[in-house]
$ cat target04.cif   # mmCIF, C-alpha atoms
data_model
#
loop_
_atom_site.label_atom_id
_atom_site.label_comp_id
_atom_site.auth_asym_id
_atom_site.auth_seq_id
_atom_site.Cartn_x
_atom_site.Cartn_y
_atom_site.Cartn_z
CA MET A 184 -31.78 -64.65 122.71
CA SER A 185 -35.56 -64.83 122.33
CA LYS A 186 -37.52 -67.52 124.16
CA ASP A 187 -37.81 -69.70 121.05
CA VAL A 188 -34.13 -69.47 120.07
CA ILE A 189 -32.15 -72.24 121.76
CA LEU A 190 -28.88 -71.82 119.83
CA LYS A 191 -27.36 -68.65 118.41
CA VAL A 192 -24.12 -68.53 116.41
CA GLU A 193 -22.61 -65.12 115.64
CA ASN A 194 -19.57 -64.35 113.44
CA LEU A 195 -18.09 -67.78 114.21
CA SER A 196 -14.64 -68.37 112.72
CA LYS A 197 -12.00 -71.03 113.26
CA GLN A 198 -8.42 -70.84 112.05
CA TYR A 199 -5.87 -73.66 111.99
CA ARG A 200 -2.14 -73.65 111.35
CA LEU A 201 -1.03 -76.21 108.78
CA GLY A 202 2.05 -78.37 108.99
CA GLU A 203 3.65 -80.37 111.76
CA VAL A 204 3.87 -77.55 114.33
CA GLY A 205 0.42 -76.86 115.67
CA VAL A 206 1.01 -74.13 118.28
CA GLY A 207 3.41 -71.92 116.37
CA THR A 208 7.00 -70.71 116.75
CA ILE A 209 8.35 -68.69 119.67
CA SER A 210 8.46 -65.59 117.49
CA ASP A 211 4.77 -66.09 116.58
CA ASP A 212 3.83 -66.50 120.25
CA LEU A 213 5.82 -63.41 121.25
CA LYS A 214 4.16 -61.41 118.49
CA ARG A 215 0.73 -62.55 119.64
CA TRP A 216 1.61 -61.61 123.26
CA TRP A 217 2.90 -58.18 122.23
CA TYR A 218 -0.29 -57.43 120.30
CA LYS A 219 -2.44 -58.68 123.19
CA ILE A 220 -0.90 -56.46 125.87
CA ARG A 221 -1.31 -53.48 123.54
CA GLY A 222 -5.00 -54.29 123.19
CA LYS A 223 -4.80 -55.23 119.52
CA LYS A 224 -6.17 -58.24 117.65
CA ASP A 225 -4.10 -61.33 116.95
CA PRO A 226 -1.97 -60.38 113.89
CA PHE A 227 -2.29 -63.88 112.44
CA LEU A 228 -6.06 -63.52 112.08
CA LYS A 229 -5.43 -61.18 109.16
CA ILE A 230 -3.90 -63.93 107.09
CA GLY A 231 -4.96 -67.35 105.96
CA ASP A 232 -6.44 -69.13 102.95
CA VAL A 233 -10.05 -70.18 102.49
CA ASN A 234 -11.00 -73.74 103.39
CA ASP A 235 -10.43 -75.47 100.06
CA ARG A 236 -8.79 -78.87 100.53
CA ALA A 237 -8.30 -79.35 96.77
CA SER A 238 -6.05 -76.34 96.25
CA VAL A 239 -2.54 -75.45 97.40
CA GLY A 240 -2.48 -72.14 99.26
CA ASP A 241 0.21 -69.56 99.92
CA SER A 242 -0.33 -69.32 103.68
CA SER A 243 0.43 -71.77 106.49
CA TYR A 244 -2.88 -70.74 108.08
CA VAL A 245 -6.31 -71.81 106.91
CA TRP A 246 -9.81 -70.67 107.86
CA ALA A 247 -11.82 -73.84 108.51
CA LEU A 248 -14.82 -71.61 109.26
CA GLN A 249 -15.41 -67.94 108.48
CA GLU A 250 -18.15 -65.61 109.68
CA ILE A 251 -20.81 -68.25 110.37
CA ASP A 252 -24.15 -66.80 111.51
CA PHE A 253 -27.39 -68.65 112.18
CA LYS A 254 -30.06 -69.27 114.82
CA VAL A 255 -31.86 -72.48 115.73
CA ASN A 256 -35.27 -72.50 117.39
CA ARG A 257 -36.39 -74.94 120.04
CA GLY A 258 -37.76 -78.13 118.47
CA GLU A 259 -36.17 -77.44 115.09
CA VAL A 260 -34.23 -80.11 113.19
CA LEU A 261 -31.42 -78.41 111.31
CA GLY A 262 -29.65 -80.30 108.53
CA ILE A 263 -26.06 -79.27 107.81
CA ILE A 264 -24.80 -80.39 104.40
CA GLY A 265 -21.68 -79.77 102.36
CA LYS A 266 -18.73 -81.47 100.71
CA ASN A 267 -16.02 -83.28 102.66
CA GLY A 268 -13.68 -80.69 104.15
CA ALA A 269 -16.23 -77.87 103.97
CA GLY A 270 -16.11 -77.31 107.75
CA LYS A 271 -19.21 -79.19 108.96
CA SER A 272 -17.46 -81.31 111.59
CA THR A 273 -15.42 -78.32 112.80
CA LEU A 274 -18.67 -76.44 113.33
CA LEU A 275 -20.18 -79.30 115.33
CA LYS A 276 -17.04 -79.64 117.47
CA ILE A 277 -17.26 -75.95 118.39
CA LEU A 278 -20.97 -76.24 119.15
CA SER A 279 -20.23 -79.29 121.32
CA ARG A 280 -17.38 -77.43 123.06
CA VAL A 281 -14.82 -79.99 121.95
CA THR A 282 -12.75 -77.10 120.61
CA GLY A 283 -13.07 -73.34 120.86
CA PRO A 284 -13.63 -70.76 118.12
CA THR A 285 -10.94 -68.35 117.00
CA LEU A 286 -13.50 -65.57 116.67
CA GLY A 287 -17.20 -65.23 117.34
CA THR A 288 -19.62 -66.56 119.92
CA VAL A 289 -21.96 -69.50 120.49
CA LYS A 290 -24.88 -69.04 122.88
CA SER A 291 -27.08 -71.97 123.85
CA LYS A 292 -29.73 -72.89 126.39
CA GLY A 293 -29.74 -76.26 128.10
CA LYS A 294 -27.69 -79.43 127.81
CA ILE A 295 -25.96 -80.46 124.57
CA ALA A 296 -25.33 -84.12 123.73
CA SER A 297 -22.96 -84.92 120.87
CA LEU A 298 -22.32 -87.93 118.71
CA LEU A 299 -19.40 -86.87 116.53
CA GLU A 300 -17.26 -89.99 116.14
CA VAL A 301 -17.73 -93.70 116.79
CA GLY A 302 -17.23 -94.39 120.48
CA THR A 303 -16.57 -90.77 121.45
CA GLY A 304 -16.24 -90.60 125.23
CA PHE A 305 -16.11 -94.39 125.62
CA HIS A 306 -13.34 -95.92 127.71
CA PRO A 307 -12.22 -99.14 126.00
CA GLU A 308 -11.52 -100.94 129.29
CA LEU A 309 -14.98 -100.21 130.72
CA THR A 310 -18.00 -102.34 129.92
CA GLY A 311 -20.89 -101.05 127.86
CA ARG A 312 -22.97 -100.62 131.02
CA GLU A 313 -20.21 -98.64 132.75
CA ASN A 314 -19.74 -96.48 129.66
CA VAL A 315 -23.43 -95.60 129.69
CA PHE A 316 -23.00 -94.15 133.17
CA LEU A 317 -19.74 -92.45 132.16
CA ASN A 318 -21.30 -90.84 129.09
CA GLY A 319 -24.33 -89.75 131.05
CA ALA A 320 -22.13 -88.14 133.71
CA ILE A 321 -20.19 -86.29 130.99
CA MET A 322 -23.52 -84.94 129.71
CA GLY A 323 -24.37 -83.68 133.19
CA MET A 324 -26.94 -86.33 134.10
CA SER A 325 -27.29 -87.65 137.65
CA LYS A 326 -26.73 -91.33 138.45
CA LYS A 327 -30.45 -91.75 139.18
CA GLU A 328 -31.46 -90.19 135.85
CA ILE A 329 -29.14 -92.58 134.01
CA ALA A 330 -30.31 -95.62 136.01
CA ASP A 331 -33.96 -94.81 135.22
CA LYS A 332 -33.17 -94.88 131.48
CA LEU A 333 -30.63 -97.73 131.53
CA GLU A 334 -32.84 -100.61 130.41
CA GLU A 335 -34.42 -98.49 127.66
CA ILE A 336 -30.95 -97.51 126.40
CA ILE A 337 -29.70 -101.10 126.36
CA ASP A 338 -32.83 -102.36 124.63
CA PHE A 339 -32.64 -99.66 121.92
CA SER A 340 -28.95 -100.33 121.25
CA GLY A 341 -29.51 -104.05 120.66
CA CYS A 342 -26.31 -104.85 122.59
CA GLN A 343 -27.94 -106.71 125.49
CA ARG A 344 -25.66 -109.73 125.19
CA TYR A 345 -22.47 -107.67 125.28
CA ILE A 346 -23.47 -104.90 127.69
CA ASP A 347 -21.15 -106.24 130.42
CA THR A 348 -18.25 -106.76 128.01
CA PRO A 349 -15.45 -104.13 127.68
CA THR A 350 -16.16 -101.88 124.70
CA LYS A 351 -12.67 -102.51 123.28
CA ARG A 352 -14.17 -105.79 122.04
CA TYR A 353 -17.12 -104.06 120.35
CA SER A 354 -17.31 -103.62 116.61
CA SER A 355 -17.61 -100.06 115.27
CA GLY A 356 -21.30 -100.72 114.60
CA MET A 357 -21.94 -101.84 118.18
CA LYS A 358 -20.16 -98.76 119.54
CA VAL A 359 -22.23 -96.37 117.46
CA ARG A 360 -25.43 -98.19 118.44
CA LEU A 361 -24.68 -97.80 122.14
CA ALA A 362 -23.36 -94.25 121.81
CA PHE A 363 -26.46 -93.13 119.91
CA ALA A 364 -28.75 -94.84 122.39
CA VAL A 365 -27.09 -92.96 125.26
CA ALA A 366 -27.18 -89.58 123.46
CA ALA A 367 -30.82 -89.99 122.40
CA HIS A 368 -32.28 -91.28 125.66
CA LEU A 369 -30.66 -89.03 128.25
CA GLU A 370 -32.90 -86.15 127.16
CA PRO A 371 -30.48 -83.42 126.05
CA ASP A 372 -31.99 -80.10 125.00
CA ILE A 373 -29.82 -80.12 121.86
CA LEU A 374 -28.68 -83.31 120.13
CA VAL A 375 -25.71 -82.90 117.75
CA ILE A 376 -25.10 -85.79 115.34
CA ASP A 377 -22.37 -86.11 112.72
CA GLU A 378 -22.25 -88.71 109.91
CA VAL A 379 -21.65 -91.56 112.40
CA LEU A 380 -24.99 -93.24 111.66
CA ALA A 381 -23.52 -94.39 108.34
CA VAL A 382 -21.56 -96.97 110.37
CA GLY A 383 -24.72 -98.74 111.50
CA ASP A 384 -26.66 -101.22 109.40
CA ALA A 385 -29.81 -100.32 107.49
CA GLU A 386 -32.12 -101.55 110.26
CA PHE A 387 -30.38 -99.42 112.89
CA GLN A 388 -30.24 -96.32 110.64
CA LYS A 389 -34.01 -96.53 110.15
CA LYS A 390 -34.48 -97.00 113.88
CA ALA A 391 -32.18 -94.07 114.70
CA ILE A 392 -33.87 -91.69 112.25
CA GLY A 393 -37.26 -92.66 113.73
CA LYS A 394 -35.94 -91.89 117.20
CA MET A 395 -34.64 -88.49 116.09
CA GLN A 396 -38.06 -87.70 114.60
CA ASP A 397 -39.65 -88.61 117.93
CA ILE A 398 -37.15 -86.44 119.80
CA ALA A 399 -37.89 -83.41 117.63
CA SER A 400 -41.63 -83.73 117.09
CA GLY A 401 -42.75 -85.50 120.23
CA ASP A 402 -40.37 -84.13 122.87
CA GLY A 403 -39.80 -80.73 121.27
CA ARG A 404 -36.02 -80.99 121.52
CA THR A 405 -33.56 -79.65 118.99
CA VAL A 406 -31.42 -81.72 116.61
CA LEU A 407 -28.43 -80.66 114.50
CA PHE A 408 -27.83 -83.34 111.89
CA VAL A 409 -24.86 -83.60 109.51
CA SER A 410 -25.20 -86.17 106.76
CA HIS A 411 -24.36 -86.90 103.12
CA ASN A 412 -27.54 -88.96 102.92
CA MET A 413 -29.89 -86.46 101.29
CA THR A 414 -32.88 -88.78 101.81
CA ALA A 415 -32.30 -88.79 105.57
CA VAL A 416 -31.90 -85.00 105.58
CA GLN A 417 -35.09 -84.57 103.54
CA ASN A 418 -37.14 -86.91 105.75
CA LEU A 419 -35.80 -85.68 109.08
CA CYS A 420 -34.97 -81.98 108.86
CA THR A 421 -37.22 -78.95 108.94
CA ARG A 422 -34.51 -76.57 107.72
CA ALA A 423 -31.06 -76.92 106.17
CA ILE A 424 -27.87 -74.92 105.72
CA ILE A 425 -25.09 -75.54 103.20
CA ILE A 426 -21.48 -75.08 104.31
CA ASP A 427 -19.09 -74.34 101.44
CA LYS A 428 -15.39 -73.61 102.02
CA GLY A 429 -16.05 -72.64 105.62
CA ARG A 430 -18.97 -70.30 104.95
CA VAL A 431 -22.76 -70.62 104.96
CA SER A 432 -23.80 -70.45 101.31
CA PHE A 433 -27.50 -71.23 101.88
CA ASP A 434 -29.93 -71.23 104.81
CA GLY A 435 -33.56 -72.15 104.26
CA ASP A 436 -35.96 -74.77 102.93
CA VAL A 437 -34.67 -78.36 102.95
CA ASP A 438 -35.71 -79.22 99.39
CA GLU A 439 -34.19 -76.01 98.03
CA ALA A 440 -30.96 -76.72 99.92
CA ILE A 441 -30.71 -80.25 98.51
CA GLN A 442 -31.42 -79.11 94.95
CA LYS A 443 -28.85 -76.32 95.26
CA TYR A 444 -26.25 -78.66 96.76
CA ILE A 445 -26.71 -81.30 94.07
CA SER A 446 -26.62 -78.81 91.18
CA GLU A 447 -23.58 -76.94 92.49
CA ASN A 448 -21.63 -80.08 93.32
CA ASN A 449 -22.43 -82.05 90.22
CA THR A 450 -18.78 -81.99 89.17
CA LEU A 451 -19.56 -82.76 85.60
CA SER A 452 -21.36 -80.77 83.02
CA THR A 453 -22.11 -82.89 79.98
CA SER A 454 -19.65 -80.95 77.84
CA LEU A 455 -16.83 -81.96 80.22
CA LEU A 456 -17.74 -85.63 80.56
CA LYS A 457 -14.85 -86.72 78.36
CA GLU A 458 -12.44 -84.89 80.68
CA ARG A 459 -13.68 -86.50 83.89
CA GLU A 460 -10.89 -88.38 85.67
CA ASP A 461 -12.94 -89.68 88.61
CA ARG A 462 -14.15 -92.71 86.68
CA SER A 463 -13.39 -96.42 86.79
CA GLY A 464 -13.00 -99.13 84.14
CA ASN A 465 -10.39 -100.43 81.71
CA GLY A 466 -11.00 -97.62 79.22
CA LEU A 467 -11.77 -99.77 76.17
CA LEU A 468 -14.94 -97.69 75.91
CA LYS A 469 -15.19 -94.16 77.26
CA PHE A 470 -18.32 -91.99 77.53
CA THR A 471 -17.71 -88.49 76.17
CA ASP A 472 -21.10 -86.75 76.31
CA ILE A 473 -24.77 -87.17 77.32
CA GLU A 474 -27.78 -85.58 75.66
CA PHE A 475 -31.40 -85.55 76.80
CA ASN A 476 -34.16 -85.04 74.22
CA ASN A 477 -31.61 -83.51 71.82
CA GLY A 478 -31.37 -80.49 74.09
CA SER A 479 -35.12 -79.93 74.43
CA PRO A 480 -36.83 -79.81 77.86
CA VAL A 481 -37.82 -83.06 79.58
CA PHE A 482 -41.42 -82.99 80.80
CA LEU A 483 -43.12 -85.18 83.38
CA GLY A 484 -45.20 -87.87 81.65
CA LYS A 485 -43.51 -87.42 78.27
CA GLU A 486 -40.83 -89.48 76.51
CA LEU A 487 -37.16 -89.24 77.39
CA LEU A 488 -34.47 -89.78 74.75
CA VAL A 489 -30.97 -90.36 76.11
CA LYS A 490 -27.95 -90.26 73.80
CA LEU A 491 -24.67 -91.57 75.20
CA HIS A 492 -21.71 -90.49 73.09
CA PHE A 493 -18.62 -92.67 73.34
CA VAL A 494 -15.26 -93.54 71.86
CA ALA A 495 -14.22 -97.22 71.62
CA LYS A 496 -10.65 -98.45 71.23
CA GLU A 497 -11.82 -101.68 69.57
CA LYS A 498 -14.94 -103.52 68.47
CA ILE A 499 -16.98 -104.53 71.53
CA GLU A 500 -19.62 -107.24 71.34
CA ASN A 501 -22.12 -108.19 74.05
CA LEU A 502 -21.92 -104.72 75.56
CA ASP A 503 -23.73 -104.34 78.90
CA LEU A 504 -24.93 -100.76 79.36
CA ALA A 505 -26.73 -99.33 82.41
CA ILE A 506 -28.18 -95.88 83.05
CA THR A 507 -29.17 -95.14 86.65
CA ILE A 508 -31.28 -92.14 87.66
CA CYS A 509 -30.70 -91.00 91.24
CA LYS A 510 -32.34 -88.57 93.62
CA GLY A 511 -30.35 -86.85 96.33
CA TYR A 512 -27.00 -88.35 97.18
CA GLU A 513 -26.76 -91.70 95.38
CA GLU A 514 -30.38 -92.67 96.13
CA ARG A 515 -31.00 -94.94 93.14
CA LEU A 516 -34.51 -94.71 91.73
CA LEU A 517 -34.33 -96.39 88.33
CA THR A 518 -31.79 -98.45 86.39
CA ILE A 519 -32.18 -99.15 82.67
CA ASP A 520 -30.01 -102.08 81.52
CA ASN A 521 -30.04 -103.54 78.01
CA VAL A 522 -29.11 -107.06 79.18
CA PHE A 523 -32.08 -107.28 81.54
CA GLN A 524 -34.33 -106.07 78.73
CA GLY A 525 -32.96 -108.76 76.37
CA GLU A 526 -31.26 -106.30 73.99
CA GLN A 527 -27.82 -107.06 72.52
CA LEU A 528 -25.47 -104.17 71.76
CA THR A 529 -22.31 -104.17 69.61
CA VAL A 530 -20.16 -101.10 68.97
CA GLN A 531 -17.37 -100.67 66.42
CA LYS A 532 -13.99 -99.08 66.99
CA GLY A 533 -14.14 -95.29 66.90
CA GLU A 534 -16.67 -92.63 67.92
CA GLY A 535 -20.45 -93.01 68.04
CA TYR A 536 -23.48 -92.82 70.29
CA ILE A 537 -26.05 -95.17 71.79
CA SER A 538 -29.62 -93.90 72.08
CA VAL A 539 -32.16 -95.12 74.61
CA LEU A 540 -35.81 -94.07 74.37
CA LEU A 541 -38.06 -94.21 77.45
CA PRO A 542 -41.69 -93.99 76.24
CA LYS A 543 -42.68 -92.07 79.36
CA ILE A 544 -40.84 -90.56 82.33
CA TYR A 545 -42.72 -91.03 85.61
CA PHE A 546 -40.52 -88.93 87.93
CA LEU A 547 -42.02 -85.74 89.31
CA SER A 548 -40.36 -82.41 88.51
CA GLY A 549 -36.95 -81.71 89.97
CA LEU A 550 -33.24 -82.23 89.49
CA TYR A 551 -31.88 -85.79 89.24
CA SER A 552 -28.38 -87.14 88.75
CA VAL A 553 -27.49 -89.84 86.22
CA ASN A 554 -24.86 -92.56 86.63
CA ILE A 555 -23.59 -94.37 83.51
CA TRP A 556 -21.92 -97.78 83.45
CA SER A 557 -20.71 -100.19 80.79
CA ALA A 558 -19.13 -103.63 80.90
CA GLN A 559 -18.25 -106.64 78.76
CA HIS A 560 -18.38 -110.17 80.18
CA GLY A 561 -18.32 -108.74 83.71
CA SER A 562 -15.31 -106.49 83.12
CA VAL A 563 -16.14 -102.80 83.65
CA LEU A 564 -15.29 -100.61 80.66
CA ASP A 565 -16.35 -97.20 81.98
CA TYR A 566 -18.29 -96.11 85.07
CA VAL A 567 -19.06 -92.49 85.97
CA ILE A 568 -21.07 -91.43 89.02
CA ASN A 569 -23.02 -88.18 88.58
CA GLY A 570 -22.41 -88.26 84.88
CA ALA A 571 -25.01 -85.56 84.22
CA SER A 572 -27.91 -83.65 85.73
CA LEU A 573 -31.39 -84.44 84.45
CA LYS A 574 -33.97 -81.70 85.00
CA ILE A 575 -37.61 -82.74 84.71
CA GLU A 576 -40.19 -80.00 84.20
CA ASP A 577 -43.76 -79.81 85.55
CA ASN A 578 -46.63 -81.03 83.37
CA ASP A 579 -50.39 -81.38 83.78
CA VAL A 580 -50.31 -85.15 83.25
CA TYR A 581 -53.98 -85.75 84.11
CA GLY A 582 -55.31 -82.76 82.16
CA THR A 583 -57.08 -81.40 85.24
CA GLY A 584 -55.19 -78.12 85.61
CA LYS A 585 -53.51 -79.44 88.76
CA ILE A 586 -49.74 -79.93 88.94
CA LEU A 587 -48.20 -82.70 91.03
CA SER A 588 -45.56 -81.46 93.47
CA SER A 589 -42.51 -83.56 94.34
CA LYS A 590 -42.50 -81.86 97.75
CA LYS A 591 -46.01 -83.08 98.58
CA HIS A 592 -46.64 -86.10 96.34
CA GLY A 593 -43.43 -88.16 96.37
CA VAL A 594 -41.09 -89.03 93.52
CA VAL A 595 -43.21 -90.78 90.85
CA TYR A 596 -46.77 -90.52 89.60
CA SER A 597 -49.19 -93.23 88.46
CA GLU A 598 -51.31 -93.59 85.36
CA LYS A 599 -54.85 -92.33 85.77
CA CYS A 600 -56.83 -94.68 87.98
CA THR A 601 -60.43 -95.87 87.85
CA TRP A 602 -62.46 -94.63 90.81
CA GLU A 603 -65.73 -96.14 91.97
CA VAL A 604 -68.00 -95.70 94.97
CA LYS A 605 -70.41 -98.40 96.08
CA MET A 606 -72.98 -97.98 98.82
#
$ encode --input "target04.cif" --output "structure tokens"
Amino acid sequence: MSKDVILKVENLSKQYRLGEVGVGTISDDLKRWWYKIRGKKDPFLKIGDVNDRASVGDSSYVWALQEIDFKVNRGEVLGIIGKNGAGKSTLLKILSRVTGPTLGTVKSKGKIASLLEVGTGFHPELTGRENVFLNGAIMGMSKKEIADKLEEIIDFSGCQRYIDTPTKRYSSGMKVRLAFAVAAHLEPDILVIDEVLAVGDAEFQKKAIGKMQDIASGDGRTVLFVSHNMTAVQNLCTRAIIIDKGRVSFDGDVDEAIQKYISENNTLSTSLLKEREDRSGNGLLKFTDIEFNNGSPVFLGKELLVKLHFVAKEKIENLDLAITICKGYEERLLTIDNVFQGEQLTVQKGEGYISVLLPKIYFLSGLYSVNIWSAQHGSVLDYVINGASLKIEDNDVYGTGKILSSKKHGVVYSEKCTWEVKM
């Protein structure tokens, strides 16, 4: 590895055997042994289905990971994103040496600290203070190194009152607070973090992300961060990879990775909205299609016309309709609701559409997801998350020849301001 590369993954693959028997039958073991003494590869590596949890395969073996290759430089913050079951956690467990790969190699420099599950490495009968020393020892730290950081760890975790209480009495949030504080403060060269921060409250998540930024930028250490929170990935990471069915499908710029992930995993195209089964509500009204600007492009700073096609089983009065535009993974930016705007809606039995006209769209260019919701007297009729993708195109809104960039300038733009200098 070069001096700057701190972690190198080459041809990494992991195979699991499905079913109740994990090791295999005697005949399988004998076959493996016979191939091994003859200097041949494991015969069972030639079989196995891809890592797709939603499909039924023909083999009892599955590749959780296949031919993973990437490098991480010192001081880099790598975001790892992908759907549930894509292989992200398996990858982190191999990198953390919790389990070994079936094929391939992992080369790293320095100490690796992992935070993969709530309370990993904690002994429930030991106090929080004792578990700090236990975790530090597992990470290869000396007792003096841990003692020097102890008060800082306890203060960051916010568990001062319970630090001498056995961790079996801790809530899941308290465990993840203490576990993160230990992993972040004992100065590992590589910090590996799975989606455990979702357990903590909003205040702690903000605190933890700030600490990870300090670790990467200030201390020059390396962070591998798995999360479904695209906002956290965007704010924290300098590079991102997408894991799809056990393989790396993208490696590069964070914003490109997020856009690609959202567009590929938006399970609904508008033409298939009526077929979506992952929806909630009593079904008295069902959304069947969404149109934006009658199929014409949507430009920054211009009007946006939304048409929601539906079918109603009966006449519905006092309809409450909400359209929510989101960025990333369920990061809600704007909700339009007729009730809050003082508009009454009534639909008749049968098919029709409801149109909503926004005089001006203030979101910068990019891909957004749209949630749609309807209710009557508090009872939900139909609710679909990620009902459609809304693409907003660039536009010279100020007429200056300069285009606002969502990467540099945020999410929304303002009307033209009045500028004045006084001396």
$ closest_residue --input "target04.cif" --among "A:Asn256, A:Thr414, A:Ser354, A:Thr288" --to "A:Asp438" --atoms "only C-alpha atoms"
A:Thr414
$ closest_residue --input "target04.cif" --among "A:Ile277, A:Ile568, A:Val494, A:Ile189" --to "A:Ser291" --atoms "all atoms listed in the file"
A:Ile189
$ resolve_selection --input "target04.cif" --expression "the PyMOL selection byres ((chain A and resi 187) around 12)" --output "PyMOL selection string"
chain A and resi 184-186+188-191+254-259+291-292+403-405
$ atom_distance --input "target04.cif" --atom1 "atom CA of A:Ala415" --atom2 "atom CA of A:Asp338"
23.4 Å
$ atom_distance --input "target04.cif" --atom1 "atom CA of A:Asn318" --atom2 "atom CA of A:Leu299"
13.3 Å
$ residues_around --input "target04.cif" --residues "A:Ile376" --least-positions-apart "5" --cutoff "9 Å" --atoms "only C-alpha atoms" --output "list in words"
Leu275, Ala296, Ser297, Leu298, Leu299, Glu300, Phe363, Val406, Leu407, Phe408, Val409 and Ser410 of chain A
$ closest_residue --input "target04.cif" --among "A:Val481, A:Ala366, A:Ala320, A:Ile373" --to "A:Leu573" --atoms "only C-alpha atoms"
A:Val481
$ atom_distance --input "target04.cif" --atom1 "atom CA of A:Lys428" --atom2 "atom CA of A:Leu195"
13.8 Å
$ closest_residue --input "target04.cif" --among "A:Val431, A:Leu374, A:Leu369, A:Ile337" --to "A:Met357" --atoms "only C-alpha atoms"
A:Ile337
$ resolve_selection --input "target04.cif" --expression "the PyMOL selection byres ((chain A and resi 198) around 7)" --output "list in words"
Ser196, Lys197, Tyr199, Arg200, Tyr244, Val245, Trp246, Ala247 and Thr285 of chain A
$ closest_residue --input "target04.cif" --among "A:Glu598, A:Glu534, A:Asp436, A:Glu526" --to "A:Leu467" --atoms "all atoms listed in the file"
A:Glu534
$ closest_residue --input "target04.cif" --among "A:Val580, A:Ile220, A:Val567, A:Met324" --to "A:Arg462" --atoms "all atoms listed in the file"
A:Val567
$ residues_around --input "target04.cif" --residues "A:Val416" --least-positions-apart "4" --cutoff "12 Å" --atoms "only C-alpha atoms" --output "MDAnalysis selection string"
chainID A and resid 260:265 376:378 392 395:396 406:412 420:425 436:441 511:512
$ resolve_selection --input "target04.cif" --expression "the PyMOL selection byres ((chain A and resi 577) around 7)" --output "list in words"
Phe482, Leu483, Ser548, Ile575, Glu576, Asn578 and Ile586 of chain A
$ residues_around --input "target04.cif" --residues "stretch 339-348 of chain A" --least-positions-apart "5" --cutoff "7 Å" --atoms "only C-alpha atoms" --output "PyMOL selection string"
chain A and resi 310-312+357+360-361+364
$ write_last_selection --input "target04.cif" --atoms "C-alpha atoms" --output "PDB file, keeping the file's coordinate frame"
ATOM      1  CA  THR A 310     -18.000-102.340 129.920  1.00  0.00           C
ATOM      2  CA  GLY A 311     -20.890-101.050 127.860  1.00  0.00           C
ATOM      3  CA  ARG A 312     -22.970-100.620 131.020  1.00  0.00           C
ATOM      4  CA  MET A 357     -21.940-101.840 118.180  1.00  0.00           C
ATOM      5  CA  ARG A 360     -25.430 -98.190 118.440  1.00  0.00           C
ATOM      6  CA  LEU A 361     -24.680 -97.800 122.140  1.00  0.00           C
ATOM      7  CA  ALA A 364     -28.750 -94.840 122.390  1.00  0.00           C
TER       8      ALA A 364
END
$ residues_around --input "target04.cif" --residues "A:Leu309" --least-positions-apart "2" --cutoff "10 Å" --atoms "only C-alpha atoms" --output "mmCIF file with C-alpha atoms, in the coordinates of the input"
data_model
loop_
_atom_site.group_PDB
_atom_site.id
_atom_site.type_symbol
_atom_site.label_atom_id
_atom_site.label_comp_id
_atom_site.auth_asym_id
_atom_site.auth_seq_id
_atom_site.Cartn_x
_atom_site.Cartn_y
_atom_site.Cartn_z
ATOM 1 C CA PHE A 305 -16.110 -94.390 125.620
ATOM 2 C CA HIS A 306 -13.340 -95.920 127.710
ATOM 3 C CA PRO A 307 -12.220 -99.140 126.000
ATOM 4 C CA GLY A 311 -20.890 -101.050 127.860
ATOM 5 C CA ARG A 312 -22.970 -100.620 131.020
ATOM 6 C CA GLU A 313 -20.210 -98.640 132.750
ATOM 7 C CA ASN A 314 -19.740 -96.480 129.660
ATOM 8 C CA VAL A 315 -23.430 -95.600 129.690
ATOM 9 C CA LEU A 317 -19.740 -92.450 132.160
ATOM 10 C CA ASP A 347 -21.150 -106.240 130.420
ATOM 11 C CA THR A 348 -18.250 -106.760 128.010
ATOM 12 C CA PRO A 349 -15.450 -104.130 127.680
ATOM 13 C CA THR A 350 -16.160 -101.880 124.700
ATOM 14 C CA LYS A 351 -12.670 -102.510 123.280
#
